[in-house]
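Below is one structure; the comments refer to it alone.
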Amino acid sequence: MFEDFNKVIGEIRHNSLSEKAKLYLVYFTSGLFIVLNSFLIYKEFFWGAVIPAFIIIALFFIFALDKVLLLIVFLTPLSINLLDKELNIGISLPAEPLMFGLLVIFVIKVLFDFKYDRQVLHHPVTIAIIFNLIWIFLTSVTSQIPLVSFKFFLSRLWFVVPMFFVALMLLKNYRNINKLFWYYAIALAIVIIYTTYRHYINGFAEKTGTWVMKPFYNDHTAYGAVMALFIPVFVGLIINPVQKGWARIAALFMVAMMVMALILSFSRAAWISLAVGTFVFAIALFKIRLRWVALTGILLFGILYTFKFEIFDYLAKNKQDSSANFVEHVQSIANISSDASNLERINRWQSAIRMFNEKPILGWGPGTYQFAYAPFQQSKERTIISTNFGDVGNAHSEYIGPMAESGILGMITFVLIMLTTLYTGFKVYRQSQLREVRLLSLSVTIGLITYFAHGVLNNFLDTDKLSIPFWGFIAVLVALDLYHKDHLKQAKDTGLKPSANF
């Protein structure tokens, strides 16, 4: 795809104007802009100053889609969500309009020349993603509120197409993988500094920890989830011997910032997800066989099921609410008797399950949970933060939510994406003879595992903040599998070292 655009650029250069004509054109364009903008300022319209930025972005869309993609990645952490409460329509500016534009350009290009890498289309992860998109579309047709569901479907498209299908064309060049991580991380560092400063002026209080990241992140759990997602990747960059010294120092600095931000997010779900990722990393590092992990899991499940009444009785006695004290805040994770956040999450899950029981095949429609769940709440399960409008979050699960909104296949298709992604990540880790590729695939897979674990307790894939890195990480694993796993020539070009060991 990007090669075709380069050909266009070459033709334009071949037929370019003389240097003198170019100079006159620059003078004329600059003078025209100065006159136009002066007139607009006289009329008290000050947005004319952004016209050059629009022109530059338009040129990027025409000649450099890869630059547009990286710009989207950089702008995502810095974007601000604007919400019309009356219409319940929100948009993240400036990232989402750019994503929509990239979606349109991609669709036009594919329809125009019918070209796309068949390797990608035949990959198990791609098939799972397409299956999920098709099912979301079908259940949007049968939705109780079609307008809401088609908006949900469209937003899913402008997340998936740029960050998976377009990104894979960019990631054919191995060097672009690190760019994807760093462009997001540098912007995220700006948000961390801003958030930490606001924490500081508010005394690092636990209550203020839920809002100090606004307006960049609307929820402290989403903020924490991003940290958990990126920490394994940057730890991988630190221990990667191929990385230059200054790059490893920069990665170490980023990890320190992210760990600090994760702690100050007071997001218990994010803490749990990183613990799950660390556990899986230990399994991979010590090469523990899968059958032993499975047997241990089955044994643990059997013990929990056998003593379920005793466990619930113990949890019911836990009265520790969320706290600024780290130990007490961890203890509050298991509080299902008085912690409003935990109880409300259970209330949302129970409501979603009842919705699923009523419409188990097609569900109520993608994105409709917040409009439909109110009648399914039971008075005994409601909490002090319960609402009938879903304005404190949605179903709080990447698994139960789709099950209520798109039926059983809504959940199954997402689980298929998870399973094919994890299979791909661990396959690359096991099979690649390139040490850096093995390390990269493992760190990205662990990062995604933190989100899959977090998805049990929250869901953020309807937002750009998590969707951009989530689908981008999946694209990285597919790119490693298809283009970089066994390419010794590219290994030589990029400094990768063949090695059968981690």
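How things are named: the first chain in the structure tokens is A, the next is B, and so on; residues count from 1 in each chain; ligands count from 1 in the order shown.
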Met163 in chain A environment, 9 Å, only C-alpha atoms, sequence neighbours closer than 4 positions dropped, as a PyMOL selection string: chain A and resi 69+73+99+158-159+167-168+467-475
Surrounding residues of Glu405 in chain A excluding itself and chain neighbours under 2 positions, 9 Å, only C-alpha atoms, as a list in words: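 Listing them by chain and then by number gives Thr139, Ser143, Ala352, Met355, Phe356, Lys359, Leu362, Gly363, Trp364, Gly365, Pro366, Gly367, Thr368, Tyr369, Ile400, Gly401, Pro402, Met403, Gly407 and Gly410 of chain A.
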Residue contacts of Arg382 in chain A (12 Å, only C-alpha atoms) excluding same-chain residues fewer than 6 positions away, as a PyMOL selection string: chain A and resi 338+340-351+374-376+388
Those same residues - C-alpha atoms - I'd like them written as a tab-separated table (two decimals), in the first residue's frame.
```
chain	number	residue	atom	x	y	z
A	338	SER	CA	-19.24	-3.03	51.61
A	340	ALA	CA	-19.27	0.21	46.53
A	341	SER	CA	-17.06	-0.20	43.46
A	342	ASN	CA	-16.85	-3.98	43.80
A	343	LEU	CA	-20.57	-4.33	44.53
A	344	GLU	CA	-21.53	-2.11	41.60
A	345	ARG	CA	-19.39	-4.19	39.28
A	346	ILE	CA	-21.25	-7.32	40.44
A	347	ASN	CA	-24.56	-5.48	39.93
A	348	ARG	CA	-23.58	-4.67	36.33
A	349	TRP	CA	-22.52	-8.27	35.67
A	350	GLN	CA	-25.74	-9.69	37.07
A	351	SER	CA	-27.77	-7.28	34.93
A	374	ALA	CA	-31.75	-0.52	34.11
A	375	PRO	CA	-34.86	-2.80	34.29
A	376	PHE	CA	-32.61	-5.81	34.89
A	388	ASN	CA	-30.19	3.76	35.40
```
Interatomic distance, CA of Asn173 in chain A to CA of Ala228 in chain A (Å, one decimal): 26.4 Å
Picked from range 81-222 of chain A by DSSP as helix (DSSP H, G or I), as a PyMOL selection string: chain A and resi 95-113+118-121+124-141+146-170+175-201+208-210+220-222
Spatial neighbours of Asp462 in chain A, 8 Å, only C-alpha atoms, chain gap at least 2 places, as a list in words: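 Once the adjacent positions are removed, what remains is Phe152, Ser155, Arg156, Asn459, Phe460, Asp464 and Ser467 of chain A.
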Residues near range 264-269 of chain A, cut-off 6 Å, only C-alpha atoms, skip fewer than 5 positions along chain, as a PyMOL selection string: chain A and resi 209+220-221+224+454
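Computed from the coordinates, the CA of Val107 in chain A to CA of Phe165 in chain A distance equals 10.7 Å.
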Point-to-point distance in Å for CA of Phe426 in chain A and CA of His123 in chain A: 15.0 Å
Contact residues around Ala250 in chain A with only C-alpha atoms at 12 Å, ignoring same-chain residues under 6 positions, as a list in words: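 The neighbour list is Trp182, Ala185, Ile186, Ala189, Phe234, Val235, Leu237, Ile238, Gln243, Lys244, Ala256 and Met257 of chain A.
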Counting only C-alpha atoms, the option among A:Gly31, A:Gly236, A:Pro360, A:Pro124 closest to Thr420 in chain A: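 Checking each candidate against Thr420 in chain A, we get A:Pro124 as the closest.
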Which residue of A:Gly277, A:Pro232, A:Pro215, A:Gly245 approaches Ser79 in chain A most closely, using only C-alpha atoms: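 Result for the nearest residue to Ser79 in chain A: A:Pro215.
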Residue with smallest distance to Asp66 in chain A - pool A:Lys172, A:Lys465, A:His484, A:Arg118, counting only C-alpha atoms: A:Lys172
Using only C-alpha atoms: which of A:Phe414, A:Phe216, A:Tyr174, A:Phe137 has the shortest distance to Leu93 in chain A: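 Checking each candidate against Leu93 in chain A, we get A:Phe216 as the closest.
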